[in-house]
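Have a look at the structure below before the remarks.
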Amino acid sequence: MLHFKGTTGQDRDNMAERIATNSTKRGPTPSELRSMLGANLRQLSQRAPSISALCRELGINRTQYNRYLAGESFPRPDVLHRICTYFNVDARILLEPVSDISGGNASIFNNPAISDFLGGATRPVGEEDFPSGFYRFARRSFLDENMFVRGLIYVFRNRQGTFLKGFEAKDAMRQQGLPTDPATREFRGAVIPQEDGIAALVSRHGSITSSFNYLARIPSFENNFWAGYVTRTVRENVAGRRVERLVYEYLGSRMKDVLPAARSSGFCLESDLLTYQRNLLKPGEPFV
């Protein structure tokens, strides 16, 4: 029972009511915050190939990260910011389940009008099917059939989805009369599973045209090659070709493997292609 000295009966009633109201409006306790963060991190961490690899990318000690997962410890503000940035979430991961933050199944593919037909596109693409990291790609130029395009893309996971991003070659942008600044050259795409491979819908920032990519893994000793084709969404009478073969090589995340590929990005001749690129692109054979 609560006692308040030096107050009238009405004052005591008012104070008791305020205390009761404040107790129901209290914020979460530190223990509750740690517990919610741990539960969300356990779910988000499932996207990583391993906890060890995730900790290396985040720059966080593995033992300390395990304490976050268990709800035993809370990260410093700068570390929390690093975690939120990596997973592309905000500070609500302290207060709400991550499934509520990301909006659940709000994808257009889950709309009742088409969910029985395209709902499978929302299934996660597994790391074993299309790993996160850098890829080197090559294809024939859409604009000049005597030239080929080589480039680099980065595949990443975010809120159960798989995405890719990269930059168009400067020469390709110039040929189309477009600016060559990084913001205009950047493209991004969403990756979805297919029965025997993966597909991706890709577009530049703010663009009203897209490209459709299909890739299937090529059995090899390294098991790190994908081949398929890319189409661009333009009318038949628009200059240039609309479909070309496409090849990807998985490079991982080591800069010593990625930097040489980045330096060789851009237009090249058939003779400049790597042997596996030439074999998979089949320059002398028509696409069927």
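To be explicit about the labels: the chains of the structure tokens are called A, B, and onward in the order shown, and within each one the residues are counted from 1, while ligands get numbers from 1 in the order they are shown.
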Item to complete: Might you pull out every residue within 12 Å of A:Gly252, with only C-alpha atoms counted and same-chain residues fewer than 3 positions away left off, and present them as JSON, numbers by chain?
Response: {"A": [49, 53, 127, 130, 131, 132, 133, 134, 135, 136, 152, 153, 154, 155, 156, 224, 249, 255, 256, 257, 258, 259, 261]}
Fill in: strand (DSSP E or B) call set, DSSP backbone run, stretch 250-280 of chain A, as a PyMOL selection string
chain A and resi 250-252+266-268
Item to complete: Find the residues near stretch 41-46 of chain A: any atom within 8 Å, counting only C-alpha atoms, skip ones fewer than 5 places away on the same chain, and give them as an NGL selection string.
Response: :A and (51 or 54 or 68-69 or 87 or 98 or 159)
For those residues, write N, CA and C atoms to a file as a PDB file, in the first residue's frame.
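Final file, result02.pdb:
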ATOM      1  N   ILE A  51      28.430 -16.811 -39.086  1.00  0.00           N
ATOM      2  CA  ILE A  51      28.569 -15.731 -38.104  1.00  0.00           C
ATOM      3  C   ILE A  51      29.984 -15.173 -38.139  1.00  0.00           C
ATOM      4  N   LEU A  54      30.239 -12.825 -41.026  1.00  0.00           N
ATOM      5  CA  LEU A  54      29.472 -11.617 -40.729  1.00  0.00           C
ATOM      6  C   LEU A  54      30.248 -10.705 -39.787  1.00  0.00           C
ATOM      7  N   TYR A  68      25.561 -10.206 -28.050  1.00  0.00           N
ATOM      8  CA  TYR A  68      24.422  -9.460 -28.582  1.00  0.00           C
ATOM      9  C   TYR A  68      23.302 -10.427 -28.983  1.00  0.00           C
ATOM     10  N   LEU A  69      23.671 -11.518 -29.660  1.00  0.00           N
ATOM     11  CA  LEU A  69      22.682 -12.500 -30.112  1.00  0.00           C
ATOM     12  C   LEU A  69      21.932 -13.111 -28.940  1.00  0.00           C
ATOM     13  N   PHE A  87      22.594  -4.105 -42.248  1.00  0.00           N
ATOM     14  CA  PHE A  87      21.359  -4.839 -42.524  1.00  0.00           C
ATOM     15  C   PHE A  87      20.266  -3.949 -43.126  1.00  0.00           C
ATOM     16  N   VAL A  98      11.794  -7.619 -36.336  1.00  0.00           N
ATOM     17  CA  VAL A  98      12.251  -7.152 -37.637  1.00  0.00           C
ATOM     18  C   VAL A  98      11.237  -7.468 -38.732  1.00  0.00           C
ATOM     19  N   ARG A 159      16.904  -7.800 -45.724  1.00  0.00           N
ATOM     20  CA  ARG A 159      15.520  -8.115 -45.352  1.00  0.00           C
ATOM     21  C   ARG A 159      14.970  -9.286 -46.150  1.00  0.00           C
TER      22      ARG A 159
END
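All residues of protein, DNA or RNA that reach within 7 Å of A:Trp226, judged by only C-alpha atoms and not counting those fewer than 6 positions away in the chain, are Leu215, Ala216, Arg217, Ile218, Val247, Tyr248 and Glu249 of chain A.
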Write out the residues from the selection above, keeping N, CA and C atoms, as an mmCIF file, in the first residue's frame.
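The resulting file, part-v9.cif, is reproduced below:
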data_model
loop_
_atom_site.group_PDB
_atom_site.id
_atom_site.type_symbol
_atom_site.label_atom_id
_atom_site.label_comp_id
_atom_site.auth_asym_id
_atom_site.auth_seq_id
_atom_site.Cartn_x
_atom_site.Cartn_y
_atom_site.Cartn_z
ATOM 1 N N LEU A 215 20.330 -16.408 -65.349
ATOM 2 C CA LEU A 215 21.619 -17.080 -65.201
ATOM 3 C C LEU A 215 21.433 -18.460 -64.579
ATOM 4 N N ALA A 216 22.184 -19.420 -65.073
ATOM 5 C CA ALA A 216 22.200 -20.763 -64.489
ATOM 6 C C ALA A 216 23.651 -21.132 -64.208
ATOM 7 N N ARG A 217 23.857 -21.826 -63.122
ATOM 8 C CA ARG A 217 25.221 -22.186 -62.726
ATOM 9 C C ARG A 217 25.810 -23.204 -63.709
ATOM 10 N N ILE A 218 27.091 -23.015 -64.029
ATOM 11 C CA ILE A 218 27.798 -23.927 -64.917
ATOM 12 C C ILE A 218 28.655 -24.866 -64.071
ATOM 13 N N VAL A 247 27.622 -13.826 -68.997
ATOM 14 C CA VAL A 247 28.370 -14.754 -68.148
ATOM 15 C C VAL A 247 28.839 -14.035 -66.890
ATOM 16 N N TYR A 248 28.713 -14.712 -65.757
ATOM 17 C CA TYR A 248 29.160 -14.198 -64.462
ATOM 18 C C TYR A 248 30.245 -15.124 -63.912
ATOM 19 N N GLU A 249 31.226 -14.533 -63.239
ATOM 20 C CA GLU A 249 32.213 -15.301 -62.480
ATOM 21 C C GLU A 249 32.229 -14.771 -61.052
#
Worksheet item: What is the distance, in Å and to one decimal place, between atom CA of A:Pro219 and atom CA of A:Met147?
Response: 27.4 Å
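Of the residues under consideration (A:Ser220, A:Thr209, A:Ser203, A:Ser265), A:Ser265 shows the shortest atom-to-atom contact distance to A:Ala169 when counting only C-alpha atoms.
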